[in-house]
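Here's the structure, in structure tokens; my notes come after.
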Amino acid sequence: MADFRFGPVELYLVGFEGERPDPATLEALTDLLASGLVRLLDFVLVSKSEDGDLEIIEVDAEADALGLGGVEIHAAGIAGGEDIDEFAELIPAGGSAALVALELTYARTLAERFNASGGVLLRSERVPAPIVNAMVDILENEGE
């Protein structure tokens, strides 16, 4: 069986007030990391001035100051400049956000097993949680 160093990666842009994420936001991330379902590959803070100028901070250099001491960042820089620029367009002027790259470790195992069996993943699609929940609500209401 071929071992993959990494599985699929998802990028999340999490907006927040101020220049740094609050402790509850960081705790949500660290709790998920502790579960082993994901690995943190990259963490970038992006602030946009009222004039639209960007300030970009790679968190690996400031992990302790943010309350992420002891959290390993496995592939700093995987969220490249193009990714940062594209996601930064969604940040309102005067706002801040964290761009977080998470490896789906459970999906790495699945990909390895598909590969070993000769299977080829032809497509994968993520349906956002709000849409899934709205769809299920509609389906449940139709059955009433």
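As shown in the structure tokens, the chain order sets the letters A, B, ...; within each chain, residues go from 1, and ligands are also counted from 1 in the order they appear.
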
Would you please extract all strand (DSSP E) residues from chain A, as assigned by DSSP on the backbone, and give them as a PDB file with all heavy atoms, in the first residue's frame?
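Final file, part_12.pdb:
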```pdb
ATOM      1  N   VAL A   9      -6.565  18.651   1.637  1.00  0.00           N
ATOM      2  CA  VAL A   9      -6.420  19.852   2.461  1.00  0.00           C
ATOM      3  C   VAL A   9      -7.592  20.777   2.184  1.00  0.00           C
ATOM      4  O   VAL A   9      -8.001  20.949   1.038  1.00  0.00           O
ATOM      5  CB  VAL A   9      -5.088  20.578   2.142  1.00  0.00           C
ATOM      6  CG1 VAL A   9      -4.997  21.912   2.875  1.00  0.00           C
ATOM      7  CG2 VAL A   9      -3.915  19.687   2.491  1.00  0.00           C
ATOM      8  N   GLU A  10      -8.127  21.340   3.238  1.00  0.00           N
ATOM      9  CA  GLU A  10      -9.172  22.346   3.103  1.00  0.00           C
ATOM     10  C   GLU A  10      -8.663  23.657   3.682  1.00  0.00           C
ATOM     11  O   GLU A  10      -7.975  23.671   4.701  1.00  0.00           O
ATOM     12  CB  GLU A  10     -10.447  21.920   3.839  1.00  0.00           C
ATOM     13  CG  GLU A  10     -11.122  20.756   3.170  1.00  0.00           C
ATOM     14  CD  GLU A  10     -12.514  20.484   3.717  1.00  0.00           C
ATOM     15  OE1 GLU A  10     -12.922  21.130   4.701  1.00  0.00           O
ATOM     16  OE2 GLU A  10     -13.167  19.619   3.144  1.00  0.00           O
ATOM     17  N   LEU A  11      -9.004  24.735   2.998  1.00  0.00           N
ATOM     18  CA  LEU A  11      -8.657  26.072   3.470  1.00  0.00           C
ATOM     19  C   LEU A  11      -9.905  26.708   4.062  1.00  0.00           C
ATOM     20  O   LEU A  11     -10.972  26.675   3.443  1.00  0.00           O
ATOM     21  CB  LEU A  11      -8.137  26.930   2.317  1.00  0.00           C
ATOM     22  CG  LEU A  11      -6.855  26.441   1.643  1.00  0.00           C
ATOM     23  CD1 LEU A  11      -6.521  27.337   0.454  1.00  0.00           C
ATOM     24  CD2 LEU A  11      -5.698  26.401   2.619  1.00  0.00           C
ATOM     25  N   TYR A  12      -9.761  27.262   5.240  1.00  0.00           N
ATOM     26  CA  TYR A  12     -10.857  27.948   5.917  1.00  0.00           C
ATOM     27  C   TYR A  12     -10.438  29.389   6.178  1.00  0.00           C
ATOM     28  O   TYR A  12      -9.325  29.631   6.654  1.00  0.00           O
ATOM     29  CB  TYR A  12     -11.165  27.281   7.266  1.00  0.00           C
ATOM     30  CG  TYR A  12     -11.721  25.898   7.146  1.00  0.00           C
ATOM     31  CD1 TYR A  12     -10.884  24.789   7.062  1.00  0.00           C
ATOM     32  CD2 TYR A  12     -13.087  25.694   7.097  1.00  0.00           C
ATOM     33  CE1 TYR A  12     -11.396  23.517   6.938  1.00  0.00           C
ATOM     34  CE2 TYR A  12     -13.611  24.416   6.980  1.00  0.00           C
ATOM     35  CZ  TYR A  12     -12.755  23.336   6.901  1.00  0.00           C
ATOM     36  OH  TYR A  12     -13.267  22.067   6.784  1.00  0.00           O
ATOM     37  N   LEU A  13     -11.325  30.313   5.892  1.00  0.00           N
ATOM     38  CA  LEU A  13     -11.110  31.718   6.213  1.00  0.00           C
ATOM     39  C   LEU A  13     -12.080  32.056   7.339  1.00  0.00           C
ATOM     40  O   LEU A  13     -13.291  32.034   7.154  1.00  0.00           O
ATOM     41  CB  LEU A  13     -11.369  32.607   4.998  1.00  0.00           C
ATOM     42  CG  LEU A  13     -11.067  34.085   5.208  1.00  0.00           C
ATOM     43  CD1 LEU A  13      -9.558  34.308   5.387  1.00  0.00           C
ATOM     44  CD2 LEU A  13     -11.587  34.910   4.040  1.00  0.00           C
ATOM     45  N   VAL A  14     -11.528  32.357   8.504  1.00  0.00           N
ATOM     46  CA  VAL A  14     -12.339  32.619   9.690  1.00  0.00           C
ATOM     47  C   VAL A  14     -12.169  34.075  10.087  1.00  0.00           C
ATOM     48  O   VAL A  14     -11.086  34.494  10.517  1.00  0.00           O
ATOM     49  CB  VAL A  14     -11.909  31.701  10.862  1.00  0.00           C
ATOM     50  CG1 VAL A  14     -12.785  31.940  12.085  1.00  0.00           C
ATOM     51  CG2 VAL A  14     -11.937  30.236  10.439  1.00  0.00           C
ATOM     52  N   GLY A  15     -13.229  34.853   9.921  1.00  0.00           N
ATOM     53  CA  GLY A  15     -13.182  36.260  10.277  1.00  0.00           C
ATOM     54  C   GLY A  15     -13.411  36.459  11.761  1.00  0.00           C
ATOM     55  O   GLY A  15     -14.050  35.646  12.427  1.00  0.00           O
ATOM     56  N   PHE A  16     -12.890  37.560  12.289  1.00  0.00           N
ATOM     57  CA  PHE A  16     -13.056  37.882  13.702  1.00  0.00           C
ATOM     58  C   PHE A  16     -12.845  39.374  13.892  1.00  0.00           C
ATOM     59  O   PHE A  16     -12.302  40.052  13.020  1.00  0.00           O
ATOM     60  CB  PHE A  16     -12.086  37.076  14.577  1.00  0.00           C
ATOM     61  CG  PHE A  16     -10.666  37.097  14.092  1.00  0.00           C
ATOM     62  CD1 PHE A  16      -9.812  38.142  14.417  1.00  0.00           C
ATOM     63  CD2 PHE A  16     -10.193  36.075  13.288  1.00  0.00           C
ATOM     64  CE1 PHE A  16      -8.509  38.166  13.942  1.00  0.00           C
ATOM     65  CE2 PHE A  16      -8.885  36.089  12.818  1.00  0.00           C
ATOM     66  CZ  PHE A  16      -8.046  37.135  13.146  1.00  0.00           C
ATOM     67  N   VAL A  38      -7.830  16.054  12.041  1.00  0.00           N
ATOM     68  CA  VAL A  38      -7.154  16.976  11.125  1.00  0.00           C
ATOM     69  C   VAL A  38      -5.764  17.289  11.665  1.00  0.00           C
ATOM     70  O   VAL A  38      -5.487  17.110  12.850  1.00  0.00           O
ATOM     71  CB  VAL A  38      -7.945  18.293  10.928  1.00  0.00           C
ATOM     72  CG1 VAL A  38      -9.311  18.047  10.324  1.00  0.00           C
ATOM     73  CG2 VAL A  38      -8.052  19.070  12.222  1.00  0.00           C
ATOM     74  N   ARG A  39      -4.906  17.748  10.752  1.00  0.00           N
ATOM     75  CA  ARG A  39      -3.601  18.295  11.132  1.00  0.00           C
ATOM     76  C   ARG A  39      -3.533  19.720  10.622  1.00  0.00           C
ATOM     77  O   ARG A  39      -4.011  20.018   9.525  1.00  0.00           O
ATOM     78  CB  ARG A  39      -2.444  17.526  10.475  1.00  0.00           C
ATOM     79  CG  ARG A  39      -2.076  16.258  11.147  1.00  0.00           C
ATOM     80  CD  ARG A  39      -0.725  15.712  10.713  1.00  0.00           C
ATOM     81  NE  ARG A  39      -0.509  15.685   9.276  1.00  0.00           N
ATOM     82  CZ  ARG A  39       0.646  15.359   8.713  1.00  0.00           C
ATOM     83  NH1 ARG A  39       1.698  15.055   9.452  1.00  0.00           N
ATOM     84  NH2 ARG A  39       0.768  15.336   7.392  1.00  0.00           N
ATOM     85  N   LEU A  40      -2.921  20.584  11.394  1.00  0.00           N
ATOM     86  CA  LEU A  40      -2.743  21.980  10.992  1.00  0.00           C
ATOM     87  C   LEU A  40      -1.520  22.078  10.093  1.00  0.00           C
ATOM     88  O   LEU A  40      -0.407  21.769  10.501  1.00  0.00           O
ATOM     89  CB  LEU A  40      -2.571  22.868  12.223  1.00  0.00           C
ATOM     90  CG  LEU A  40      -2.387  24.356  11.962  1.00  0.00           C
ATOM     91  CD1 LEU A  40      -3.606  24.950  11.252  1.00  0.00           C
ATOM     92  CD2 LEU A  40      -2.134  25.085  13.283  1.00  0.00           C
ATOM     93  N   LEU A  41      -1.755  22.477   8.846  1.00  0.00           N
ATOM     94  CA  LEU A  41      -0.649  22.622   7.911  1.00  0.00           C
ATOM     95  C   LEU A  41      -0.152  24.055   7.841  1.00  0.00           C
ATOM     96  O   LEU A  41       1.045  24.299   7.713  1.00  0.00           O
ATOM     97  CB  LEU A  41      -1.057  22.156   6.510  1.00  0.00           C
ATOM     98  CG  LEU A  41      -1.445  20.683   6.389  1.00  0.00           C
ATOM     99  CD1 LEU A  41      -1.685  20.323   4.937  1.00  0.00           C
ATOM    100  CD2 LEU A  41      -0.412  19.773   7.008  1.00  0.00           C
ATOM    101  N   ASP A  42      -1.074  25.010   7.917  1.00  0.00           N
ATOM    102  CA  ASP A  42      -0.677  26.408   7.802  1.00  0.00           C
ATOM    103  C   ASP A  42      -1.701  27.269   8.519  1.00  0.00           C
ATOM    104  O   ASP A  42      -2.873  26.895   8.621  1.00  0.00           O
ATOM    105  CB  ASP A  42      -0.583  26.815   6.331  1.00  0.00           C
ATOM    106  CG  ASP A  42       0.359  27.990   6.082  1.00  0.00           C
ATOM    107  OD1 ASP A  42       0.929  28.534   7.045  1.00  0.00           O
ATOM    108  OD2 ASP A  42       0.535  28.356   4.900  1.00  0.00           O
ATOM    109  N   PHE A  43      -1.263  28.411   9.009  1.00  0.00           N
ATOM    110  CA  PHE A  43      -2.116  29.357   9.732  1.00  0.00           C
ATOM    111  C   PHE A  43      -1.572  30.743   9.433  1.00  0.00           C
ATOM    112  O   PHE A  43      -0.442  31.056   9.791  1.00  0.00           O
ATOM    113  CB  PHE A  43      -2.061  29.060  11.228  1.00  0.00           C
ATOM    114  CG  PHE A  43      -3.111  29.741  12.059  1.00  0.00           C
ATOM    115  CD1 PHE A  43      -4.033  29.000  12.771  1.00  0.00           C
ATOM    116  CD2 PHE A  43      -3.177  31.127  12.153  1.00  0.00           C
ATOM    117  CE1 PHE A  43      -4.994  29.612  13.571  1.00  0.00           C
ATOM    118  CE2 PHE A  43      -4.136  31.743  12.932  1.00  0.00           C
ATOM    119  CZ  PHE A  43      -5.049  30.979  13.645  1.00  0.00           C
ATOM    120  N   VAL A  44      -2.371  31.533   8.753  1.00  0.00           N
ATOM    121  CA  VAL A  44      -1.948  32.872   8.338  1.00  0.00           C
ATOM    122  C   VAL A  44      -2.980  33.883   8.819  1.00  0.00           C
ATOM    123  O   VAL A  44      -4.181  33.700   8.598  1.00  0.00           O
ATOM    124  CB  VAL A  44      -1.834  32.950   6.792  1.00  0.00           C
ATOM    125  CG1 VAL A  44      -1.404  34.340   6.347  1.00  0.00           C
ATOM    126  CG2 VAL A  44      -0.885  31.888   6.264  1.00  0.00           C
ATOM    127  N   LEU A  45      -2.524  34.927   9.475  1.00  0.00           N
ATOM    128  CA  LEU A  45      -3.403  36.020   9.868  1.00  0.00           C
ATOM    129  C   LEU A  45      -3.364  37.091   8.789  1.00  0.00           C
ATOM    130  O   LEU A  45      -2.286  37.462   8.311  1.00  0.00           O
ATOM    131  CB  LEU A  45      -2.961  36.633  11.191  1.00  0.00           C
ATOM    132  CG  LEU A  45      -3.141  35.767  12.425  1.00  0.00           C
ATOM    133  CD1 LEU A  45      -2.555  36.467  13.649  1.00  0.00           C
ATOM    134  CD2 LEU A  45      -4.596  35.436  12.649  1.00  0.00           C
ATOM    135  N   VAL A  46      -4.534  37.566   8.410  1.00  0.00           N
ATOM    136  CA  VAL A  46      -4.630  38.591   7.376  1.00  0.00           C
ATOM    137  C   VAL A  46      -5.513  39.718   7.908  1.00  0.00           C
ATOM    138  O   VAL A  46      -6.651  39.479   8.314  1.00  0.00           O
ATOM    139  CB  VAL A  46      -5.234  38.029   6.073  1.00  0.00           C
ATOM    140  CG1 VAL A  46      -5.250  39.096   4.988  1.00  0.00           C
ATOM    141  CG2 VAL A  46      -4.470  36.799   5.603  1.00  0.00           C
ATOM    142  N   SER A  47      -4.977  40.917   7.913  1.00  0.00           N
ATOM    143  CA  SER A  47      -5.746  42.102   8.297  1.00  0.00           C
ATOM    144  C   SER A  47      -5.800  43.029   7.097  1.00  0.00           C
ATOM    145  O   SER A  47      -4.809  43.179   6.370  1.00  0.00           O
ATOM    146  CB  SER A  47      -5.101  42.824   9.475  1.00  0.00           C
ATOM    147  OG  SER A  47      -5.136  42.017  10.629  1.00  0.00           O
ATOM    148  N   LYS A  48      -6.970  43.634   6.904  1.00  0.00           N
ATOM    149  CA  LYS A  48      -7.139  44.561   5.789  1.00  0.00           C
ATOM    150  C   LYS A  48      -7.448  45.942   6.355  1.00  0.00           C
ATOM    151  O   LYS A  48      -8.399  46.111   7.126  1.00  0.00           O
ATOM    152  CB  LYS A  48      -8.286  44.108   4.881  1.00  0.00           C
ATOM    153  CG  LYS A  48      -8.434  44.951   3.624  1.00  0.00           C
ATOM    154  CD  LYS A  48      -9.625  44.516   2.780  1.00  0.00           C
ATOM    155  CE  LYS A  48      -9.332  43.263   2.010  1.00  0.00           C
ATOM    156  NZ  LYS A  48     -10.433  42.930   1.066  1.00  0.00           N
ATOM    157  N   LEU A  54      -3.122  45.070   2.868  1.00  0.00           N
ATOM    158  CA  LEU A  54      -3.095  43.838   3.639  1.00  0.00           C
ATOM    159  C   LEU A  54      -1.865  43.753   4.520  1.00  0.00           C
ATOM    160  O   LEU A  54      -0.766  44.119   4.113  1.00  0.00           O
ATOM    161  CB  LEU A  54      -3.092  42.623   2.704  1.00  0.00           C
ATOM    162  CG  LEU A  54      -4.297  42.421   1.813  1.00  0.00           C
ATOM    163  CD1 LEU A  54      -4.106  41.191   0.950  1.00  0.00           C
ATOM    164  CD2 LEU A  54      -5.574  42.300   2.647  1.00  0.00           C
ATOM    165  N   GLU A  55      -2.069  43.237   5.733  1.00  0.00           N
ATOM    166  CA  GLU A  55      -0.962  42.852   6.606  1.00  0.00           C
ATOM    167  C   GLU A  55      -1.088  41.346   6.774  1.00  0.00           C
ATOM    168  O   GLU A  55      -2.144  40.835   7.160  1.00  0.00           O
ATOM    169  CB  GLU A  55      -1.044  43.533   7.971  1.00  0.00           C
ATOM    170  CG  GLU A  55       0.067  43.087   8.893  1.00  0.00           C
ATOM    171  CD  GLU A  55      -0.048  43.637  10.312  1.00  0.00           C
ATOM    172  OE1 GLU A  55      -0.981  44.412  10.576  1.00  0.00           O
ATOM    173  OE2 GLU A  55       0.788  43.261  11.140  1.00  0.00           O
ATOM    174  N   ILE A  56      -0.019  40.631   6.453  1.00  0.00           N
ATOM    175  CA  ILE A  56      -0.040  39.169   6.477  1.00  0.00           C
ATOM    176  C   ILE A  56       1.002  38.685   7.474  1.00  0.00           C
ATOM    177  O   ILE A  56       2.170  39.090   7.413  1.00  0.00           O
ATOM    178  CB  ILE A  56       0.251  38.602   5.072  1.00  0.00           C
ATOM    179  CG1 ILE A  56      -0.839  39.084   4.112  1.00  0.00           C
ATOM    180  CG2 ILE A  56       0.341  37.084   5.098  1.00  0.00           C
ATOM    181  CD1 ILE A  56      -0.516  38.890   2.658  1.00  0.00           C
ATOM    182  N   ILE A  57       0.565  37.820   8.392  1.00  0.00           N
ATOM    183  CA  ILE A  57       1.460  37.276   9.408  1.00  0.00           C
ATOM    184  C   ILE A  57       1.375  35.758   9.354  1.00  0.00           C
ATOM    185  O   ILE A  57       0.299  35.173   9.538  1.00  0.00           O
ATOM    186  CB  ILE A  57       1.076  37.760  10.825  1.00  0.00           C
ATOM    187  CG1 ILE A  57       1.163  39.284  10.907  1.00  0.00           C
ATOM    188  CG2 ILE A  57       1.948  37.093  11.874  1.00  0.00           C
ATOM    189  CD1 ILE A  57       0.607  39.864  12.190  1.00  0.00           C
ATOM    190  N   GLU A  58       2.512  35.106   9.079  1.00  0.00           N
ATOM    191  CA  GLU A  58       2.596  33.648   9.154  1.00  0.00           C
ATOM    192  C   GLU A  58       2.667  33.287  10.633  1.00  0.00           C
ATOM    193  O   GLU A  58       3.578  33.702  11.338  1.00  0.00           O
ATOM    194  CB  GLU A  58       3.843  33.132   8.427  1.00  0.00           C
ATOM    195  CG  GLU A  58       3.764  33.209   6.930  1.00  0.00           C
ATOM    196  CD  GLU A  58       2.896  32.110   6.313  1.00  0.00           C
ATOM    197  OE1 GLU A  58       2.597  31.115   6.999  1.00  0.00           O
ATOM    198  OE2 GLU A  58       2.522  32.278   5.147  1.00  0.00           O
ATOM    199  N   SER A  96     -10.289  41.505   9.931  1.00  0.00           N
ATOM    200  CA  SER A  96      -9.201  40.543  10.035  1.00  0.00           C
ATOM    201  C   SER A  96      -9.761  39.139   9.928  1.00  0.00           C
ATOM    202  O   SER A  96     -10.936  38.893  10.211  1.00  0.00           O
ATOM    203  CB  SER A  96      -8.465  40.680  11.374  1.00  0.00           C
ATOM    204  OG  SER A  96      -7.874  41.944  11.492  1.00  0.00           O
ATOM    205  N   ALA A  97      -8.878  38.205   9.554  1.00  0.00           N
ATOM    206  CA  ALA A  97      -9.278  36.805   9.450  1.00  0.00           C
ATOM    207  C   ALA A  97      -8.052  35.918   9.567  1.00  0.00           C
ATOM    208  O   ALA A  97      -6.920  36.372   9.386  1.00  0.00           O
ATOM    209  CB  ALA A  97      -9.993  36.550   8.118  1.00  0.00           C
ATOM    210  N   ALA A  98      -8.306  34.663   9.858  1.00  0.00           N
ATOM    211  CA  ALA A  98      -7.257  33.652   9.837  1.00  0.00           C
ATOM    212  C   ALA A  98      -7.528  32.738   8.657  1.00  0.00           C
ATOM    213  O   ALA A  98      -8.659  32.288   8.461  1.00  0.00           O
ATOM    214  CB  ALA A  98      -7.256  32.856  11.133  1.00  0.00           C
ATOM    215  N   LEU A  99      -6.505  32.493   7.858  1.00  0.00           N
ATOM    216  CA  LEU A  99      -6.587  31.513   6.790  1.00  0.00           C
ATOM    217  C   LEU A  99      -5.904  30.264   7.334  1.00  0.00           C
ATOM    218  O   LEU A  99      -4.709  30.282   7.641  1.00  0.00           O
ATOM    219  CB  LEU A  99      -5.889  32.017   5.525  1.00  0.00           C
ATOM    220  CG  LEU A  99      -5.891  31.068   4.331  1.00  0.00           C
ATOM    221  CD1 LEU A  99      -7.316  30.679   3.931  1.00  0.00           C
ATOM    222  CD2 LEU A  99      -5.157  31.687   3.160  1.00  0.00           C
ATOM    223  N   VAL A 100      -6.686  29.207   7.480  1.00  0.00           N
ATOM    224  CA  VAL A 100      -6.215  27.981   8.119  1.00  0.00           C
ATOM    225  C   VAL A 100      -6.256  26.851   7.103  1.00  0.00           C
ATOM    226  O   VAL A 100      -7.293  26.613   6.476  1.00  0.00           O
ATOM    227  CB  VAL A 100      -7.107  27.634   9.335  1.00  0.00           C
ATOM    228  CG1 VAL A 100      -6.606  26.391  10.038  1.00  0.00           C
ATOM    229  CG2 VAL A 100      -7.173  28.813  10.307  1.00  0.00           C
ATOM    230  N   ALA A 101      -5.128  26.166   6.930  1.00  0.00           N
ATOM    231  CA  ALA A 101      -5.063  24.997   6.042  1.00  0.00           C
ATOM    232  C   ALA A 101      -5.059  23.752   6.924  1.00  0.00           C
ATOM    233  O   ALA A 101      -4.138  23.553   7.728  1.00  0.00           O
ATOM    234  CB  ALA A 101      -3.803  25.043   5.182  1.00  0.00           C
ATOM    235  N   LEU A 102      -6.103  22.949   6.774  1.00  0.00           N
ATOM    236  CA  LEU A 102      -6.236  21.729   7.567  1.00  0.00           C
ATOM    237  C   LEU A 102      -6.173  20.508   6.665  1.00  0.00           C
ATOM    238  O   LEU A 102      -6.899  20.422   5.671  1.00  0.00           O
ATOM    239  CB  LEU A 102      -7.575  21.715   8.317  1.00  0.00           C
ATOM    240  CG  LEU A 102      -7.784  22.799   9.366  1.00  0.00           C
ATOM    241  CD1 LEU A 102      -9.182  22.710   9.948  1.00  0.00           C
ATOM    242  CD2 LEU A 102      -6.739  22.687  10.471  1.00  0.00           C
ATOM    243  N   GLU A 103      -5.308  19.575   7.020  1.00  0.00           N
ATOM    244  CA  GLU A 103      -5.264  18.292   6.330  1.00  0.00           C
ATOM    245  C   GLU A 103      -6.304  17.382   6.968  1.00  0.00           C
ATOM    246  O   GLU A 103      -6.381  17.265   8.188  1.00  0.00           O
ATOM    247  CB  GLU A 103      -3.894  17.643   6.465  1.00  0.00           C
ATOM    248  CG  GLU A 103      -3.866  16.248   5.855  1.00  0.00           C
ATOM    249  CD  GLU A 103      -2.721  15.396   6.347  1.00  0.00           C
ATOM    250  OE1 GLU A 103      -2.007  15.800   7.287  1.00  0.00           O
ATOM    251  OE2 GLU A 103      -2.556  14.302   5.796  1.00  0.00           O
ATOM    252  N   LEU A 104      -7.101  16.753   6.144  1.00  0.00           N
ATOM    253  CA  LEU A 104      -8.105  15.817   6.616  1.00  0.00           C
ATOM    254  C   LEU A 104      -7.435  14.455   6.773  1.00  0.00           C
ATOM    255  O   LEU A 104      -7.336  13.680   5.826  1.00  0.00           O
ATOM    256  CB  LEU A 104      -9.276  15.750   5.640  1.00  0.00           C
ATOM    257  CG  LEU A 104      -9.868  17.117   5.237  1.00  0.00           C
ATOM    258  CD1 LEU A 104     -10.960  16.936   4.204  1.00  0.00           C
ATOM    259  CD2 LEU A 104     -10.363  17.861   6.453  1.00  0.00           C
TER     260      LEU A 104
END
```

- Have a look at CA of Leu90 (chain A) and CA of Gly52 (chain A) and let me know their distance in Å, one decimal.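 Separation between CA of Leu90 (chain A) and CA of Gly52 (chain A): 11.3 Å.
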
- Task: Identify, with DSSP run on backbone atoms, the residues in region 37-142 of chain A assigned to helix (DSSP H, G or I), and express the list as a PyMOL selection string.
- Result: chain A and resi 59-61+63-66+81-88+105-116+129-142

- Nearest to Gly94 (chain A) by atom-to-atom distance, counting only C-alpha atoms, from A:Asp3, A:Glu50, A:Glu82, A:Glu140: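 Selected residue with least distance to Gly94 (chain A): A:Glu50.
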
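As for CA of Ser124 (chain A) and CA of Ile91 (chain A), they are spaced 27.0 Å apart.
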
- Message: Taking only C-alpha atoms into account, name the residue in A:Asp22, A:Thr105, A:Asn133, A:Gly119 that is nearest to Gly36 (chain A).
- Response: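 Among the listed residues, the smallest separation from Gly36 (chain A) belongs to A:Thr105.
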